[in-house]
Structures are given as structure tokens and as C-alpha cells.
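Enquirer: My structure is in target20.tsv, and what it holds is TSV, C-alpha atoms and all ligand atoms:
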chain	number	residue	atom	x	y	z
A	21	MET	CA	123.24	122.74	88.91
A	22	SER	CA	122.58	121.84	92.55
A	23	SER	CA	119.09	120.72	93.52
A	24	ALA	CA	118.73	123.79	95.75
A	25	MET	CA	118.71	125.97	92.63
A	26	ARG	CA	116.16	124.07	90.60
A	27	PRO	CA	113.91	126.71	89.03
A	28	TRP	CA	110.53	124.95	89.23
A	29	GLU	CA	110.69	124.93	93.00
A	30	ARG	CA	109.37	128.47	93.27
A	31	LEU	CA	106.17	127.59	91.37
A	32	PRO	CA	103.01	126.58	93.24
A	33	ARG	CA	102.48	122.82	93.16
A	34	ILE	CA	99.99	120.45	94.72
A	35	SER	CA	100.90	116.87	95.55
A	36	LEU	CA	99.23	114.21	93.43
A	37	ARG	CA	102.12	111.77	93.63
A	38	ALA	CA	102.64	111.08	97.31
A	39	ILE	CA	104.32	107.84	96.26
A	40	PRO	CA	107.42	108.49	94.11
A	41	ALA	CA	107.39	106.72	90.73
A	42	PRO	CA	109.62	103.66	91.19
A	43	LEU	CA	112.69	103.15	89.01
A	44	VAL	CA	112.98	99.38	88.63
A	45	GLN	CA	115.08	96.83	86.81
A	46	LEU	CA	113.19	94.28	84.67
A	47	PRO	CA	115.29	91.11	85.07
A	48	ARG	CA	113.12	88.58	83.23
A	49	PHE	CA	112.19	90.94	80.40
A	50	SER	CA	115.89	91.82	80.13
A	51	ARG	CA	116.98	88.19	79.95
A	52	THR	CA	114.46	87.48	77.19
A	53	LEU	CA	115.71	90.45	75.17
A	54	GLY	CA	119.41	90.03	75.94
A	55	ALA	CA	119.60	93.59	77.30
A	56	ASP	CA	119.59	95.34	80.69
A	57	VAL	CA	116.21	97.09	80.79
A	58	TRP	CA	115.03	99.56	83.45
A	59	MET	CA	111.68	101.24	83.83
A	60	LYS	CA	110.54	104.52	85.40
A	61	ARG	CA	107.01	103.73	86.50
A	62	ASP	CA	104.68	106.70	86.14
A	63	ASP	CA	101.94	104.11	85.62
A	64	VAL	CA	101.72	103.63	89.38
A	65	GLY	CA	100.97	106.32	91.88
A	66	ASP	CA	98.60	107.97	94.15
A	67	LEU	CA	95.89	109.01	91.66
A	68	PRO	CA	94.06	105.98	90.26
A	69	PHE	CA	96.25	104.54	87.45
A	70	ALA	CA	98.34	107.74	87.63
A	71	GLY	CA	100.31	108.18	84.41
A	72	ASN	CA	102.37	111.08	83.12
A	73	LYS	CA	99.43	113.51	83.28
A	74	ALA	CA	99.39	113.39	87.09
A	75	ARG	CA	102.78	115.15	87.05
A	76	LYS	CA	101.52	117.95	84.81
A	77	LEU	CA	98.40	118.40	86.94
A	78	GLU	CA	100.45	119.04	90.08
A	79	PHE	CA	101.43	122.38	88.55
A	80	LEU	CA	98.30	123.04	86.50
A	81	LEU	CA	95.77	122.56	89.29
A	82	ALA	CA	97.91	124.58	91.69
A	83	ASP	CA	97.61	127.41	89.15
A	84	ALA	CA	93.81	126.88	88.89
A	85	ILE	CA	93.55	127.20	92.69
A	86	ASP	CA	95.84	130.26	92.70
A	87	ARG	CA	93.66	131.95	90.09
A	88	ASP	CA	90.59	131.19	92.19
A	89	CYS	CA	88.94	129.21	89.39
A	90	ASP	CA	85.76	127.34	90.25
A	91	VAL	CA	85.59	124.70	87.49
A	92	VAL	CA	88.18	122.89	85.36
A	93	VAL	CA	87.37	122.13	81.73
A	94	ALA	CA	89.49	119.61	79.84
A	95	VAL	CA	89.38	118.24	76.32
A	96	GLY	CA	90.49	114.86	75.03
A	97	ALA	CA	89.79	111.72	73.01
A	98	ALA	CA	86.95	109.38	74.02
A	99	GLN	CA	89.48	107.28	76.00
A	100	SER	CA	91.64	110.22	77.07
A	101	ASN	CA	94.07	109.37	79.86
A	102	PHE	CA	94.52	113.07	80.46
A	103	ALA	CA	90.77	113.71	80.92
A	104	ARG	CA	90.54	110.83	83.39
A	105	ALA	CA	93.52	112.14	85.37
A	106	VAL	CA	91.95	115.63	85.40
A	107	ALA	CA	88.69	114.18	86.76
A	108	ALA	CA	90.51	112.40	89.59
A	109	ALA	CA	92.73	115.38	90.42
A	110	ALA	CA	89.74	117.76	90.39
A	111	ALA	CA	87.92	115.45	92.81
A	112	ARG	CA	91.03	115.44	95.02
A	113	VAL	CA	91.04	119.25	95.28
A	114	GLY	CA	87.25	119.55	95.41
A	115	MET	CA	86.78	121.36	92.10
A	116	PRO	CA	83.95	120.62	89.64
A	117	CYS	CA	85.15	119.19	86.34
A	118	ILE	CA	83.72	119.23	82.80
A	119	LEU	CA	85.27	116.93	80.17
A	120	LEU	CA	84.76	117.53	76.45
A	121	LEU	CA	85.41	114.14	74.88
A	122	GLY	CA	85.80	113.07	71.26
A	123	GLY	CA	83.20	111.00	69.44
A	124	GLU	CA	79.68	109.85	70.23
A	125	ALA	CA	78.46	109.03	73.73
A	126	PRO	CA	79.01	105.28	74.14
A	127	HIS	CA	76.14	103.00	75.11
A	128	ARG	CA	78.09	101.90	78.16
A	129	LEU	CA	80.92	103.86	79.70
A	130	ALA	CA	84.15	101.88	79.93
A	131	GLY	CA	87.83	102.37	80.71
A	132	ASN	CA	88.93	105.96	81.24
A	133	ALA	CA	85.47	107.44	80.57
A	134	LEU	CA	83.96	105.26	83.29
A	135	LEU	CA	86.71	106.19	85.77
A	136	ALA	CA	86.21	109.89	84.98
A	137	ALA	CA	82.46	109.61	85.57
A	138	MET	CA	83.12	107.77	88.86
A	139	CYS	CA	85.25	110.73	89.97
A	140	GLY	CA	82.25	113.00	89.43
A	141	ALA	CA	83.25	114.66	86.16
A	142	GLN	CA	80.54	115.81	83.78
A	143	LEU	CA	81.21	114.09	80.44
A	144	ARG	CA	80.15	115.91	77.29
A	145	PHE	CA	80.74	113.88	74.13
A	146	GLN	CA	81.35	116.21	71.20
A	147	GLU	CA	80.37	113.97	68.27
A	148	THR	CA	83.59	114.82	66.49
A	149	GLU	CA	87.09	113.45	66.79
A	150	ALA	CA	88.80	116.30	64.93
A	151	TRP	CA	91.38	117.88	67.24
A	152	ASP	CA	91.01	121.42	65.95
A	153	GLU	CA	87.25	121.24	66.51
A	154	LEU	CA	87.69	119.87	70.02
A	155	VAL	CA	90.08	122.71	70.82
A	156	GLN	CA	87.49	125.23	69.57
A	157	ARG	CA	84.86	123.59	71.79
A	158	LEU	CA	87.13	124.14	74.78
A	159	ASP	CA	87.30	127.88	74.05
A	160	ALA	CA	83.56	128.10	73.38
A	161	THR	CA	82.66	126.21	76.57
A	162	CYS	CA	84.92	128.39	78.70
A	163	SER	CA	83.49	131.63	77.21
A	164	GLU	CA	79.99	130.34	77.88
A	165	LEU	CA	80.84	129.52	81.49
A	166	GLU	CA	82.34	132.99	81.92
A	167	THR	CA	79.14	134.59	80.64
A	168	LEU	CA	77.32	132.65	83.33
A	169	GLY	CA	79.59	134.18	85.96
A	170	SER	CA	81.86	131.20	86.50
A	171	ARG	CA	85.70	131.16	86.47
A	172	PRO	CA	86.73	128.18	84.32
A	173	PHE	CA	90.28	126.85	84.08
A	174	PRO	CA	90.86	125.45	80.56
A	175	LEU	CA	93.09	122.42	80.10
A	176	PRO	CA	94.09	121.90	76.45
A	177	ILE	CA	94.92	118.50	74.94
A	178	GLY	CA	97.29	116.46	77.07
A	179	GLY	CA	97.91	119.38	79.44
A	180	SER	CA	100.70	120.30	77.04
A	181	VAL	CA	101.02	123.97	77.96
A	182	PRO	CA	104.26	125.48	79.32
A	183	LEU	CA	103.25	125.04	82.97
A	184	GLY	CA	102.49	121.35	82.34
A	185	VAL	CA	105.79	120.92	80.53
A	186	VAL	CA	107.69	122.21	83.58
A	187	ALA	CA	106.57	119.07	85.44
A	188	PHE	CA	108.65	116.91	83.13
A	189	ALA	CA	111.72	119.06	83.56
A	190	ALA	CA	111.33	118.30	87.27
A	191	ALA	CA	110.75	114.63	86.41
A	192	TYR	CA	114.00	114.52	84.45
A	193	ALA	CA	115.92	115.87	87.43
A	194	GLU	CA	114.23	113.31	89.70
A	195	LEU	CA	115.36	110.54	87.34
A	196	VAL	CA	118.96	111.79	87.12
A	197	ASP	CA	119.17	111.82	90.94
A	198	GLU	CA	117.97	108.21	91.01
A	199	LEU	CA	120.37	107.15	88.23
A	200	ASP	CA	123.26	108.75	90.15
A	201	GLU	CA	122.28	106.83	93.26
A	202	LEU	CA	122.28	103.57	91.29
A	203	GLN	CA	125.41	104.56	89.32
A	204	LEU	CA	123.49	103.81	86.18
A	205	ALA	CA	124.11	105.63	82.88
A	206	PRO	CA	121.64	104.72	80.14
A	207	ASP	CA	122.29	106.62	76.91
A	208	CYS	CA	118.63	107.47	76.34
A	209	ILE	CA	115.08	107.51	77.71
A	210	VAL	CA	112.51	105.79	75.50
A	211	HIS	CA	108.97	107.15	75.90
A	212	ALA	CA	105.73	107.73	74.00
A	213	SER	CA	105.07	111.23	72.67
A	214	SER	CA	101.79	112.60	71.37
A	215	SER	CA	100.88	116.12	72.43
A	216	GLY	CA	104.58	116.81	73.03
A	217	GLY	CA	104.54	118.07	76.62
A	218	THR	CA	106.36	115.13	78.13
A	219	GLN	CA	109.07	115.23	75.49
A	220	ALA	CA	109.46	119.01	75.74
A	221	GLY	CA	109.77	118.80	79.53
A	222	LEU	CA	112.39	116.05	79.40
A	223	GLU	CA	114.39	118.08	76.86
A	224	LEU	CA	114.18	121.12	79.13
A	225	GLY	CA	115.15	119.06	82.18
A	226	ARG	CA	118.23	117.78	80.38
A	227	ARG	CA	119.40	121.31	79.54
A	228	ILE	CA	118.80	122.46	83.12
A	229	VAL	CA	120.56	119.47	84.70
A	230	GLY	CA	123.30	119.77	82.07
A	231	ARG	CA	123.89	116.05	81.55
A	232	GLY	CA	122.10	112.69	81.52
A	233	PRO	CA	120.38	110.43	78.99
A	234	VAL	CA	119.13	111.90	75.71
A	235	ILE	CA	115.44	111.75	74.84
A	236	HIS	CA	114.27	109.01	72.48
A	237	ALA	CA	110.66	110.03	71.86
A	238	VAL	CA	108.43	107.59	70.01
A	239	ASP	CA	105.71	109.29	68.00
A	240	VAL	CA	102.30	107.68	68.53
A	241	ALA	CA	100.55	110.64	66.80
A	242	LYS	CA	97.58	112.54	68.01
A	243	THR	CA	97.75	116.17	67.10
A	244	GLY	CA	98.38	115.52	63.40
A	245	GLY	CA	101.13	117.18	61.44
A	246	ASP	CA	104.74	117.35	62.50
A	247	LEU	CA	105.18	117.18	66.25
A	248	ARG	CA	108.75	118.51	66.25
A	249	PRO	CA	107.98	122.24	65.92
A	250	VAL	CA	105.35	121.80	68.64
A	251	VAL	CA	107.88	120.23	71.01
A	252	ALA	CA	110.50	122.89	70.22
A	253	ALA	CA	108.00	125.70	70.89
A	254	LEU	CA	106.74	124.09	74.11
A	255	ALA	CA	110.27	123.53	75.47
A	256	THR	CA	111.22	127.13	74.62
A	257	SER	CA	108.18	128.69	76.27
A	258	ALA	CA	108.50	126.46	79.35
A	259	ALA	CA	112.15	127.57	79.66
A	260	GLU	CA	111.01	131.18	79.46
A	261	LEU	CA	108.40	130.56	82.15
A	262	LEU	CA	111.20	129.26	84.41
A	263	GLY	CA	113.52	132.14	83.53
A	264	VAL	CA	115.94	129.73	81.87
A	265	ARG	CA	117.66	131.13	78.77
A	266	GLU	CA	117.43	128.17	76.42
A	267	THR	CA	115.76	127.80	73.05
A	268	TRP	CA	115.01	124.90	70.74
A	269	ARG	CA	114.59	124.77	67.01
A	270	GLN	CA	112.77	122.06	65.14
A	271	ALA	CA	116.11	120.50	64.14
A	272	ASP	CA	117.01	120.04	67.85
A	273	ILE	CA	114.05	117.71	68.37
A	274	LYS	CA	114.31	114.03	67.44
A	275	LEU	CA	111.28	111.87	66.91
A	276	ASP	CA	111.16	108.13	66.19
A	277	GLU	CA	108.31	107.63	63.73
A	278	SER	CA	108.96	103.92	63.15
A	279	GLN	CA	106.15	102.70	65.44
A	280	LEU	CA	103.25	104.83	64.25
A	281	GLY	CA	101.43	102.11	62.35
A	282	GLN	CA	98.25	103.15	60.57
A	283	ALA	CA	97.20	105.92	62.92
A	284	TYR	CA	96.84	107.14	66.47
A	285	GLY	CA	95.00	104.54	68.52
A	286	VAL	CA	95.41	101.74	65.98
A	287	PRO	CA	97.51	99.00	67.60
A	288	THR	CA	100.47	97.54	65.70
A	289	ASP	CA	101.72	93.93	65.75
A	290	ALA	CA	105.04	95.12	67.18
A	291	ALA	CA	103.23	96.90	70.04
A	292	LEU	CA	101.07	93.88	70.82
A	293	GLU	CA	104.14	91.64	70.86
A	294	ALA	CA	105.99	94.01	73.20
A	295	ILE	CA	102.95	94.28	75.51
A	296	ASP	CA	102.64	90.50	75.64
A	297	LEU	CA	106.36	89.99	76.34
A	298	LEU	CA	106.40	92.51	79.20
A	299	ALA	CA	103.21	91.18	80.79
A	300	ARG	CA	104.40	87.56	80.68
A	301	THR	CA	107.88	88.24	81.98
A	302	GLU	CA	107.22	90.98	84.55
A	303	GLY	CA	103.47	91.22	85.19
A	304	ILE	CA	103.50	94.86	84.07
A	305	ILE	CA	100.88	96.10	81.62
A	306	CYS	CA	101.36	98.55	78.76
A	307	ASP	CA	98.56	99.97	76.63
A	308	PRO	CA	98.10	99.61	72.86
A	309	VAL	CA	97.78	103.38	72.14
A	310	TYR	CA	100.91	104.86	73.76
A	311	THR	CA	103.23	102.77	75.87
A	312	GLY	CA	102.94	99.59	73.79
A	313	LYS	CA	104.22	101.41	70.70
A	314	ALA	CA	107.03	103.05	72.66
A	315	LEU	CA	108.01	99.73	74.21
A	316	ALA	CA	108.11	98.21	70.72
A	317	ALA	CA	110.76	100.82	69.84
A	318	LEU	CA	112.82	99.76	72.86
A	319	VAL	CA	112.47	96.08	71.91
A	320	ALA	CA	113.64	96.91	68.38
A	321	ARG	CA	116.67	98.80	69.78
A	322	ALA	CA	117.58	95.90	72.07
A	323	ARG	CA	117.28	93.36	69.25
A	324	ALA	CA	119.45	95.55	67.05
A	325	GLY	CA	122.17	95.15	69.70
A	326	ALA	CA	121.93	98.40	71.69
A	327	ILE	CA	124.73	98.58	74.25
A	328	GLY	CA	124.39	99.36	77.95
A	329	PRO	CA	121.34	99.81	80.16
A	330	GLN	CA	118.04	100.62	78.38
A	331	LEU	CA	115.55	102.92	80.07
A	332	PHE	CA	111.83	102.96	79.40
A	333	TRP	CA	109.54	105.65	80.82
A	334	HIS	CA	106.15	104.01	81.44
A	335	THR	CA	103.73	106.91	81.01
A	336	GLY	CA	100.58	105.03	82.08
A	337	GLY	CA	97.46	104.60	79.95
A	338	VAL	CA	96.40	101.17	81.17
A	339	PRO	CA	92.62	101.86	81.65
A	340	ALA	CA	92.12	102.16	77.86
A	341	ILE	CA	92.46	98.38	77.56
A	342	PHE	CA	89.09	98.04	79.29
A	343	ASP	CA	87.38	99.81	76.40
A	344	PRO	CA	85.80	97.14	74.16
A	345	ARG	CA	87.51	98.67	71.14
A	346	TYR	CA	90.90	97.67	72.56
A	347	THR	CA	89.93	94.44	74.28
A	348	ASP	CA	90.17	92.51	71.01
A	349	SER	CA	93.74	93.67	70.53
A	350	MET	CA	94.65	92.64	74.05
A	351	LEU	CA	93.16	89.20	73.44
A	352	ARG	CA	95.24	88.93	70.28
A	353	ALA	CA	98.34	89.93	72.21
A	354	ALA	CA	97.68	87.26	74.81
A	355	PHE	CA	96.65	84.33	72.61
A	356	ASP	CA	98.11	84.70	69.12
B	1	LIG	C1	99.40	111.52	77.11
B	1	LIG	C2	100.17	110.28	77.13
B	1	LIG	C3	101.45	110.20	76.55
B	1	LIG	C4	102.07	111.31	75.77
B	1	LIG	O1	102.37	112.43	76.55
B	1	LIG	P1	102.37	113.87	75.85
B	1	LIG	O2	102.88	114.76	76.89
B	1	LIG	O3	100.94	114.14	75.48
B	1	LIG	O4	103.21	113.79	74.63
B	1	LIG	C5	102.15	109.01	76.65
B	1	LIG	N1	101.61	107.96	77.28
B	1	LIG	C6	100.38	107.98	77.83
B	1	LIG	C7	99.87	106.76	78.47
B	1	LIG	C8	99.62	109.14	77.77
B	1	LIG	O5	98.39	109.15	78.31
Show me the file's structure as C-alpha cells.

Expert:
Amino acid sequence: MSSAMRPWERLPRISLRAIPAPLVQLPRFSRTLGADVWMKRDDVGDLPFAGNKARKLEFLLADAIDRDCDVVVAVGAAQSNFARAVAAAAARVGMPCILLLGGEAPHRLAGNALLAAMCGAQLRFQETEAWDELVQRLDATCSELETLGSRPFPLPIGGSVPLGVVAFAAAYAELVDELDELQLAPDCIVHASSSGGTQAGLELGRRIVGRGPVIHAVDVAKTGGDLRPVVAALATSAAELLGVRETWRQADIKLDESQLGQAYGVPTDAALEAIDLLARTEGIICDPVYTGKALAALVARARAGAIGPQLFWHTGGVPAIFDPRYTDSMLRAAFD
């Protein structure tokens, strides 16, 4: 399909990524692993610390503006990368922002929560970390705001709604254009998956483009339960939103569960080793919750003798390392 016909181009979109995410080769990391490793760097960009959520918000906030909403309300974990990106994007478009965050209010804000507060978001800690409860709080808060005469725009966990998913179909096409330019043909894209929107969008992008690397999604868990039906449903509804006649069943979705470790947010030794190796060889930082676990999957593939260029999608997440609960892990990664 030619780029002129790409279906997301008729949707409203604001620009939060004035700087395109670089696609770079990692020569020293590659040499250490004995593989040819490339990285798509969504961790850098125009919003502070960017990350994959900035892509979703280009479409989501354009919709909020179109609907004449006057406040955005997002939900996430205490160190949610999504919530922090929402706070920054809301500041950029001049919209008030309320964040419903998991857990107790910390004594001192750090990492993503601090950045979100700096961008003027109102942080409301929910004293629970249960996802279903947090999702209910989002509905309740929005109804309450409506009663008060306001027009809230709700942003569910990870921005993983069909309109957010569309952003990663566009991202897939962007990548394939860059790969063509470099005459590079990796067999897969390794990335971290948790609320499923990124994975669903990449799957959709691949069907729309009609060729290119397959999606090697590494489950880091968040929503609980099996992520595959969620990804299949998200990809299918995003296709429908674009008027693309494609559907996915659970069996079409692959998920690498080898790097989960104990739970979401609990670092693994393999992740810490991968983080350490990348930082020492390239000066690029991954986080222990998402990208470190995904990078560990790529390291395992390379060590098992994977052939051809390896492609890692760096989805961001770095500010979490400045939360004291992760600092110990980072110290272990650096000095053990
Ligand atoms: C949210 C997030 C992911 C996962 O993206 P989903 O679309 O929620 O699956 C991966 N990496 C980082 C750093 C994230 O913040």
C-alpha cells in the first residue's frame, strides 16, 4: 500500500514528536552479544522522556480537543509512564489534567510522579493498586466531573483504546520506511507489552503495510490475566476504526512470557544484566519494569544464535529508575 493511502492520515492528530524517533545501530552492544542489534528509540523525543505513550497521545488528545473537552483524566500505577506523558501532553495543549494513581501518596514525589506534578497535573493517589478498582475510579471521577458541568476526557490504562492503538500502526509504517531506506530486514521487532496497545498497533500496521518484521512482544504483565485476547480485540477494533477489514483471534497473537519474573514491576536478574550491558556499551538506559525485561528477551535470542539483524523497540520508561523503590535494583545492576 502506498504511503498516500495510509488510513490513519485522515484522523485528527497533534504533534508531540517533532523529532522523529531515531533508528540506530548499536555497534558495541552488538559486538558484545555477537549479533547485529538495532534500536528504534521512542525513549527520546520532544515530550520529556517521551516513550511509546507520546505516540498514542498524538491521536488521543487531538480527539479530546475535537470533542471540546476541558479536562483530561488518566489512570495508572504510582510510577505510570503513561500518566506522566499525559501530564506533559496536557500541559502542551493547555488542558487541565487529573491523574488517578495507584497506591498511597508517597512522602516525597519521585520519578514519573514528580515529573507529572511539575507539568501541573493534579495527582490523586487511590490507595489501591488493583487495576479493576482503578478503572472504576476513572469512571466515577468522570461522572462526578460531568455532574459539576465539566467535559472530562477519560484515558484508560496505558491509553490502550482503539484510537491509541492506531498510533502504533502508523509507527510500524514509519519503521518499515526506515528499514527500506537502510535495506535492512530484521525478522522481528522485540518490545515490551503490558496493556497491549503497542502490540495491537504493530500487528495492525503489519497487516496494513502487508510485509515487514513480525511482532515479538515480551509480556511484562500489568492488566492480569491473559493479554492475548485483549491484544486481538484491540487490533480488531482499531482496524474497524480505520475502515480496514482485518480481524484477529487470540491464536493470531504471540506473547513471550519468559521474562515475566515474579510480577509486574519486580525486576529480574536477566533484565538487570541486560540493562547493565546496554548502559556500559552504548550509554543508553532501559528501565527495570518494561524495557529491561524486553531487552533481556533480545539478549536471550542473540545468545541462542538468532540470525540476521535484531531490532529492539525502546518504548521509554526511564524516569521510574529515580523512584527509590527501583534505585536499589539499578545499583545492583551497576555494581554486582
Ligand atoms: C506502557 C509501556 C509499555 C507497554 O505498552 P502497552 O501499549 O501498554 O502494552 C512498554 N514500555 C514502556 C516503557 C511503557 O511505559

Enquirer: Using all atoms listed in the file, which protein or nucleic acid residues are at most 8 Å from ligand LIG 1 (chain B), as a PyMOL selection string?

Expert: chain A and resi 63+71-73+100-102+177-180+185+211-220+307+309-311+334-338

Enquirer: Which of these, A:Ala94, A:Leu43, A:Val155, A:Ala317, has the shortest distance to Lys60 (chain A) once you count all atoms listed in the file?

Expert: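 Smallest separation from Lys60 (chain A) among the options: A:Leu43.
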
Enquirer: Name all residues at most 12 Å from region 163-165 of chain A (count only C-alpha atoms; drop same-chain ones fewer than 6 positions away) and give them as a list in words.

Expert: Cys89, Asp90, Val91, Val92, Val93, Ile118, Gln156, Arg157, Arg171, Pro172, Phe173 and Pro174 of chain A

Enquirer: Could you check how far CA of Thr256 (chain A) sits from CA of Ile228 (chain A), in Å to one decimal?

Expert: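 Going from CA of Thr256 (chain A) over to CA of Ile228 (chain A), I get 12.3 Å.
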
Enquirer: Every residue with an atom at most 6 Å from (110.3, 118.0, 68.2) (file coordinates; all atoms listed in the file) is what I'm after, so could you write them as a VMD selection string?

Expert: chain A and resid 247 to 249 251 to 252 270 273 to 274

Enquirer: Quick one: distance from CA of Ala84 (chain A) to CA of Asp152 (chain A) in Å, one decimal?

Expert: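 Between these atoms lies a distance of 23.7 Å.
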
Enquirer: Record the distance separating CA of Leu331 (chain A) and CA of Val210 (chain A), expressed in Å with one decimal.

Expert: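 Taking CA of Leu331 (chain A) and CA of Val210 (chain A), their separation equals 6.2 Å.
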
Enquirer: Using all atoms listed in the file, which of A:Lys76, A:Arg61, A:Arg144, A:Arg227 sits nearest Gly123 (chain A)?

Expert: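 Closest residue, counting all atoms listed in the file: A:Arg144.
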
Enquirer: What would the list of residues within 10 Å of (103.6, 95.9, 80.9) (file frame) look like as an mmCIF file with C-alpha atoms, keeping the file's coordinate frame, if all atoms listed in the file are what count?

Expert:
data_model
loop_
_atom_site.group_PDB
_atom_site.id
_atom_site.type_symbol
_atom_site.label_atom_id
_atom_site.label_comp_id
_atom_site.auth_asym_id
_atom_site.auth_seq_id
_atom_site.Cartn_x
_atom_site.Cartn_y
_atom_site.Cartn_z
ATOM 1 C CA PHE A 49 112.190 90.940 80.400
ATOM 2 C CA ASP A 63 101.940 104.110 85.620
ATOM 3 C CA ALA A 294 105.990 94.010 73.200
ATOM 4 C CA ILE A 295 102.950 94.280 75.510
ATOM 5 C CA ASP A 296 102.640 90.500 75.640
ATOM 6 C CA LEU A 297 106.360 89.990 76.340
ATOM 7 C CA LEU A 298 106.400 92.510 79.200
ATOM 8 C CA ALA A 299 103.210 91.180 80.790
ATOM 9 C CA ARG A 300 104.400 87.560 80.680
ATOM 10 C CA THR A 301 107.880 88.240 81.980
ATOM 11 C CA GLU A 302 107.220 90.980 84.550
ATOM 12 C CA GLY A 303 103.470 91.220 85.190
ATOM 13 C CA ILE A 304 103.500 94.860 84.070
ATOM 14 C CA ILE A 305 100.880 96.100 81.620
ATOM 15 C CA CYS A 306 101.360 98.550 78.760
ATOM 16 C CA ASP A 307 98.560 99.970 76.630
ATOM 17 C CA THR A 311 103.230 102.770 75.870
ATOM 18 C CA GLY A 312 102.940 99.590 73.790
ATOM 19 C CA LEU A 315 108.010 99.730 74.210
ATOM 20 C CA HIS A 334 106.150 104.010 81.440
ATOM 21 C CA GLY A 336 100.580 105.030 82.080
ATOM 22 C CA VAL A 338 96.400 101.170 81.170
#
